[in-house]
Amino acid sequence: MPVLEPQQAPPPQYYADNLLAVVLHIERYQHSLMGPLGSRLIDTLKGLSSDGLRLFARLLMRSTPVIRTDSLHYAEIEDPQAALAELEHRDLIESQAPVPADALLARLKTAEIRELFAQRLPEPPPRQTTKARLVATLLSQFDDAEICRHAATQFGWLRLTAADAVAELRLIYFGDEYRDFTEFVMRDLGITAFETYDFDTASHAFADPAEQGRYRELTQLARLPLARRASALDWLLSACRDGRYAGRALERRRDRLLIAWGRDFERLEADTFALGCFQHAYLHPAREREVRTRKRRGEDVTALLETLRTQPRSAEERLFAERFGRRSAAVWPETQWRSLTPKVERVEARVASLLTANGGQAWHVENALLPTLLALAFWPVLFAPVEGMFTHPFQRGPRDLFWPDFRSRRAAAIDTRFDELAAPGALWRAIGETARDKWGYACALVHWRRDLPQLLDIAQRCMTPGRLLAVFDTMLDDLAQARSGLPDLFVYYGAGERERFEFVEVKGPGDSLQPNQRVWLERLISQGLPCRVLRLRHYKPPRQARGA
């Protein structure tokens with residue numbers, strides 16, 4: 001049941017308890033990852049008064065680097081001034097700290113900026129001047145220190161001096177830098193529910209503090225502005241060659257960074273830099289981008305294409321190698337409709353409406369229906385205890401859900417589950433029971449849409465267990481690939497002699513099939529599920545001759 005109620009104050013100790021829960025979890029399961037910063041912070045937090053801990057926990061929920069002290073109104077803190085003094089004495093915060101002027105001005109309203117600086121500007125800005133223009137004017141005429149000195153005469157502010165230590169704790173706990181303590185709030189408001197699972201001695205996202213540091217290093221590299229990447233590239237590629245970013249927790253992060261940088265260098269036509277990135281990344285589409293870049297440079301890519309064809313790292317890579325530079329017949333039917341406009345708004349909805357004009361129903365299920373069905377059928381496998389794969393209570397699946405060896409690490413459990421689901425009536429019974437018992441639970445493969453019960457009912461009429469299990473068998477080989485490329489629409493035309501349905505990939509004017517979409521069209525058709533591509537082509541009516 002939700003612990004919090006919308007628009008109502010939380011229990012007095014709520015945020016402090018959440019912070020302590022993180023501390024206790026780290027001490028129990030992840031203490032080996034603690035560095036000096038995090039260790040000192042935990043010791044400091046244990047020594048805080050009740051008010052001090054409550055205020056610090058509240059400050060952690062603020063998303064801005066500069067916090068106005070006149071905004072700190074919390075009923076659960078009996079003596080806010082004493083709590084602020086305690087946090088500053090413990091070096092957790094700094095009052096009136098030197099801060100970037102733009103961050104400080106962001107905490108003021110437009111009227112406050114006008115009033116504060118009205119006497120300092122040569123000419124008062126027009127009343128209709130926007131806040132962004134006011135800030136730009138001040139930054140162009142005064143330096144940061146002068147703006148801060150003048151602002152300090154009117155109001156106070158603080159910044160967290162323990163921000164780096166807090167970031168270390170958050171990274172150790174969540175295993176990435178994309179989540180924060182708001183996860184507790186979302187759960188306790190009842191907005192998101194999470195599956196329960198046990199933790200073990202390997203419940204940490206990194207092997208050791210050094211690996212954790214290298215993850216943060218990759219994150220910092222990803223934030224480098226484009227203008228600085230060329231100068232950093234030699235160091236990055238050297239680090240990759242030396243195995244600095246080897247290991248399960250780092251390889252995917254490294255590859256995503258290299259591919260992103262490579263694509264940016266491609267757009268700048270900096271091909272040498274782009275090729276360096278692609279050659280050091282394992283994930284798709286690194287080798288595809290390498291082929292395209294070399295081909296554009298006039299190089300012979302025959303040998304590289306043959307490697308991709310005979311030793312593909314994914315089905316998309318194999319299909320790309322087979323099709324590049326040649327046209328092959330599609331194994332799926334295609335339909336072309338005329339469009340009188342070069343661009344169609346909400347093209348999927350438009351096509352769905354036209355397909356069902358004479359009866360039936362269509363759902364826009366792109367990358368949602370089949371992964372959801374798989375997750376509901378294999379839920380016990382997805383959340384089965386596998387050492388080190390669950391590290392905190394807010395996971396939407398095991399850490400390796402989209403890793404290449406997800407299936408091999410659970411081969412016996414997956415085979416057993418296939419045997420269970422092959423029994424008469426077992427597959428759709430399992431899907432229905434999981435949908436009922438786990439409704440709303442967070443899972444990276446599940447889309448909890450309001451009309452899901454109706455969609456499940458129609459899907460059960462259309463898709464036989466044998467065909468659906470064959471699709472699942474393919475998807476489990478690479479769940480990362482199952483997150484994209486699936487057809488846009490699931491269309492049910494109603495019952496006749498048999499249930500009539502199809503999956504439809506919709507392409508508007510100027511749009512073309514992507515490699516992963518071709519992969520899934522081939523797969524679904526080979527497994528007996530009807531699919532087609534529906535293309536809208538821009539049609540220009542011939543001009544009538546004058547006088548006709």
# chains A, B, ... in the order shown; residues from 1 in each chain; ligands from 1
>>> residues_around(residues="Tyr245 in chain A", least_positions_apart="2", cutoff="10 Å", atoms="only C-alpha atoms", output="count of residues only")
20
>>> residues_around(residues="Pro10 in chain A", least_positions_apart="6", cutoff="12 Å", atoms="only C-alpha atoms", output="JSON, numbers by chain")
{"A": [2, 3, 4, 16, 17, 18, 54, 58, 74, 75, 76, 185, 188, 189]}
>>> residues_around(residues="Ala495 in chain A", least_positions_apart="4", cutoff="12 Å", atoms="only C-alpha atoms", output="PyMOL selection string")
chain A and resi 359-361+458+461-462+499-501
>>> residues_around(residues="range 27-41 of chain A", least_positions_apart="4", cutoff="12 Å", atoms="only C-alpha atoms", output="number ranges by chain")
A: 19-23, 45-48, 53, 56, 87, 90-92, 161-175, 198-213, 388, 390-392
>>> atom_distance(atom1="CA of Glu266 in chain A", atom2="CA of Val291 in chain A")
12.3 Å
>>> closest_residue(among="A:Gly440, A:Glu505, A:Arg450, A:Ala270", to="Arg229 in chain A", atoms="only C-alpha atoms")
A:Ala270
>>> atom_distance(atom1="CA of Ala103 in chain A", atom2="CA of Phe117 in chain A")
16.3 Å
>>> select_by_dssp(residues="range 228-476 of chain A", states="strand (DSSP E or B)", output="list in words")
Glu334, Thr335, Gln336, Trp337, Arg338, Ser339, Gln361, Ala362, Trp363, His364 and Tyr441 of chain A
>>> write_last_selection(atoms="all heavy atoms", output="short mmCIF file (atom, residue, chain, number, x, y, z; two decimals), in the first residue's frame")
data_model
loop_
_atom_site.label_atom_id
_atom_site.label_comp_id
_atom_site.auth_asym_id
_atom_site.auth_seq_id
_atom_site.Cartn_x
_atom_site.Cartn_y
_atom_site.Cartn_z
N GLU A 334 3.66 -6.22 -49.32
CA GLU A 334 3.64 -4.77 -49.18
C GLU A 334 2.42 -4.21 -49.89
O GLU A 334 2.01 -4.72 -50.94
CB GLU A 334 4.92 -4.14 -49.74
CG GLU A 334 6.18 -4.52 -48.97
CD GLU A 334 7.32 -3.55 -49.23
OE1 GLU A 334 7.10 -2.56 -49.98
OE2 GLU A 334 8.42 -3.78 -48.68
N THR A 335 1.86 -3.18 -49.29
CA THR A 335 0.72 -2.48 -49.87
C THR A 335 1.08 -1.01 -49.96
O THR A 335 1.69 -0.45 -49.04
CB THR A 335 -0.53 -2.64 -48.99
OG1 THR A 335 -0.81 -4.02 -48.81
CG2 THR A 335 -1.73 -1.95 -49.62
N GLN A 336 0.73 -0.38 -51.07
CA GLN A 336 0.99 1.05 -51.23
C GLN A 336 -0.32 1.81 -51.35
O GLN A 336 -1.21 1.41 -52.11
CB GLN A 336 1.86 1.31 -52.46
CG GLN A 336 3.29 0.80 -52.31
CD GLN A 336 4.21 1.39 -53.34
OE1 GLN A 336 3.89 2.39 -53.99
NE2 GLN A 336 5.38 0.79 -53.50
N TRP A 337 -0.44 2.85 -50.57
CA TRP A 337 -1.59 3.76 -50.65
C TRP A 337 -1.07 5.12 -51.07
O TRP A 337 0.06 5.51 -50.77
CB TRP A 337 -2.29 3.89 -49.30
CG TRP A 337 -3.08 2.68 -48.88
CD1 TRP A 337 -3.31 1.56 -49.62
CD2 TRP A 337 -3.72 2.47 -47.62
NE1 TRP A 337 -4.06 0.66 -48.92
CE2 TRP A 337 -4.34 1.20 -47.67
CE3 TRP A 337 -3.85 3.23 -46.46
CZ2 TRP A 337 -5.05 0.68 -46.61
CZ3 TRP A 337 -4.57 2.72 -45.40
CH2 TRP A 337 -5.17 1.45 -45.49
N ARG A 338 -1.93 5.85 -51.74
CA ARG A 338 -1.56 7.19 -52.17
C ARG A 338 -1.89 8.21 -51.09
O ARG A 338 -2.92 8.14 -50.44
CB ARG A 338 -2.31 7.56 -53.46
CG ARG A 338 -1.86 6.77 -54.68
CD ARG A 338 -2.69 7.18 -55.88
NE ARG A 338 -2.19 6.57 -57.11
CZ ARG A 338 -2.72 6.76 -58.31
NH1 ARG A 338 -3.77 7.56 -58.43
NH2 ARG A 338 -2.20 6.18 -59.37
N SER A 339 -0.98 9.15 -50.96
CA SER A 339 -1.21 10.28 -50.06
C SER A 339 -1.08 11.56 -50.86
O SER A 339 -0.12 11.73 -51.62
CB SER A 339 -0.18 10.29 -48.92
OG SER A 339 -0.27 11.50 -48.19
N GLN A 361 -10.56 -3.87 -35.09
CA GLN A 361 -9.93 -2.94 -34.16
C GLN A 361 -8.42 -3.00 -34.35
O GLN A 361 -7.86 -4.06 -34.65
CB GLN A 361 -10.29 -3.29 -32.71
CG GLN A 361 -9.92 -2.21 -31.71
CD GLN A 361 -10.54 -2.47 -30.34
OE1 GLN A 361 -11.29 -3.43 -30.16
NE2 GLN A 361 -10.23 -1.62 -29.38
N ALA A 362 -7.76 -1.86 -34.17
CA ALA A 362 -6.31 -1.80 -34.33
C ALA A 362 -5.69 -1.15 -33.11
O ALA A 362 -6.26 -0.22 -32.53
CB ALA A 362 -5.94 -1.03 -35.59
N TRP A 363 -4.52 -1.64 -32.72
CA TRP A 363 -3.78 -1.09 -31.59
C TRP A 363 -2.38 -0.68 -32.06
O TRP A 363 -1.74 -1.43 -32.81
CB TRP A 363 -3.63 -2.12 -30.48
CG TRP A 363 -4.89 -2.50 -29.77
CD1 TRP A 363 -5.37 -1.99 -28.61
CD2 TRP A 363 -5.81 -3.52 -30.17
NE1 TRP A 363 -6.54 -2.60 -28.26
CE2 TRP A 363 -6.84 -3.56 -29.20
CE3 TRP A 363 -5.89 -4.41 -31.25
CZ2 TRP A 363 -7.91 -4.43 -29.28
CZ3 TRP A 363 -6.95 -5.28 -31.32
CH2 TRP A 363 -7.96 -5.29 -30.35
N HIS A 364 -1.94 0.46 -31.63
CA HIS A 364 -0.56 0.87 -31.89
C HIS A 364 0.30 0.22 -30.80
O HIS A 364 0.33 0.67 -29.66
CB HIS A 364 -0.44 2.39 -31.84
CG HIS A 364 0.89 2.89 -32.32
ND1 HIS A 364 1.24 4.21 -32.29
CD2 HIS A 364 1.96 2.24 -32.84
CE1 HIS A 364 2.47 4.36 -32.78
NE2 HIS A 364 2.93 3.18 -33.11
N TYR A 441 3.48 -3.51 -11.85
CA TYR A 441 4.85 -3.72 -11.37
C TYR A 441 5.84 -3.32 -12.47
O TYR A 441 5.63 -3.59 -13.65
CB TYR A 441 5.08 -5.18 -10.99
CG TYR A 441 4.66 -5.53 -9.59
CD1 TYR A 441 3.34 -5.38 -9.17
CD2 TYR A 441 5.58 -6.01 -8.67
CE1 TYR A 441 2.94 -5.69 -7.89
CE2 TYR A 441 5.19 -6.34 -7.37
CZ TYR A 441 3.88 -6.17 -6.99
OH TYR A 441 3.49 -6.49 -5.71
#
>>> residues_around(residues="range 408-421 of chain A", least_positions_apart="2", cutoff="12 Å", atoms="only C-alpha atoms", output="PyMOL selection string")
chain A and resi 374+376-389+398+400-401+403-406+423-431+465-466+468-473+476-478
>>> atom_distance(atom1="CA of Arg518 in chain A", atom2="CA of Ala330 in chain A")
8.7 Å
>>> closest_residue(among="A:Ser512, A:Thr310, A:Gln395, A:Thr182", to="Ala57 in chain A", atoms="only C-alpha atoms")
A:Thr182
>>> residues_around(residues="Val301 in chain A", least_positions_apart="6", cutoff="9 Å", atoms="only C-alpha atoms", output="ChimeraX atom specification")
/A:291-292,294-295
>>> select_by_dssp(residues="range 458-530 of chain A", states="alpha helix (DSSP H)", output="number ranges by chain")
A: 458-462, 465-475, 515-526
>>> residues_around(residues="Asp70 in chain A", least_positions_apart="6", cutoff="10 Å", atoms="only C-alpha atoms", output="PyMOL selection string")
chain A and resi 155-157
>>> closest_residue(among="A:Gln311, A:Leu160, A:Phe273, A:Thr372", to="Met61 in chain A", atoms="only C-alpha atoms")
A:Leu160
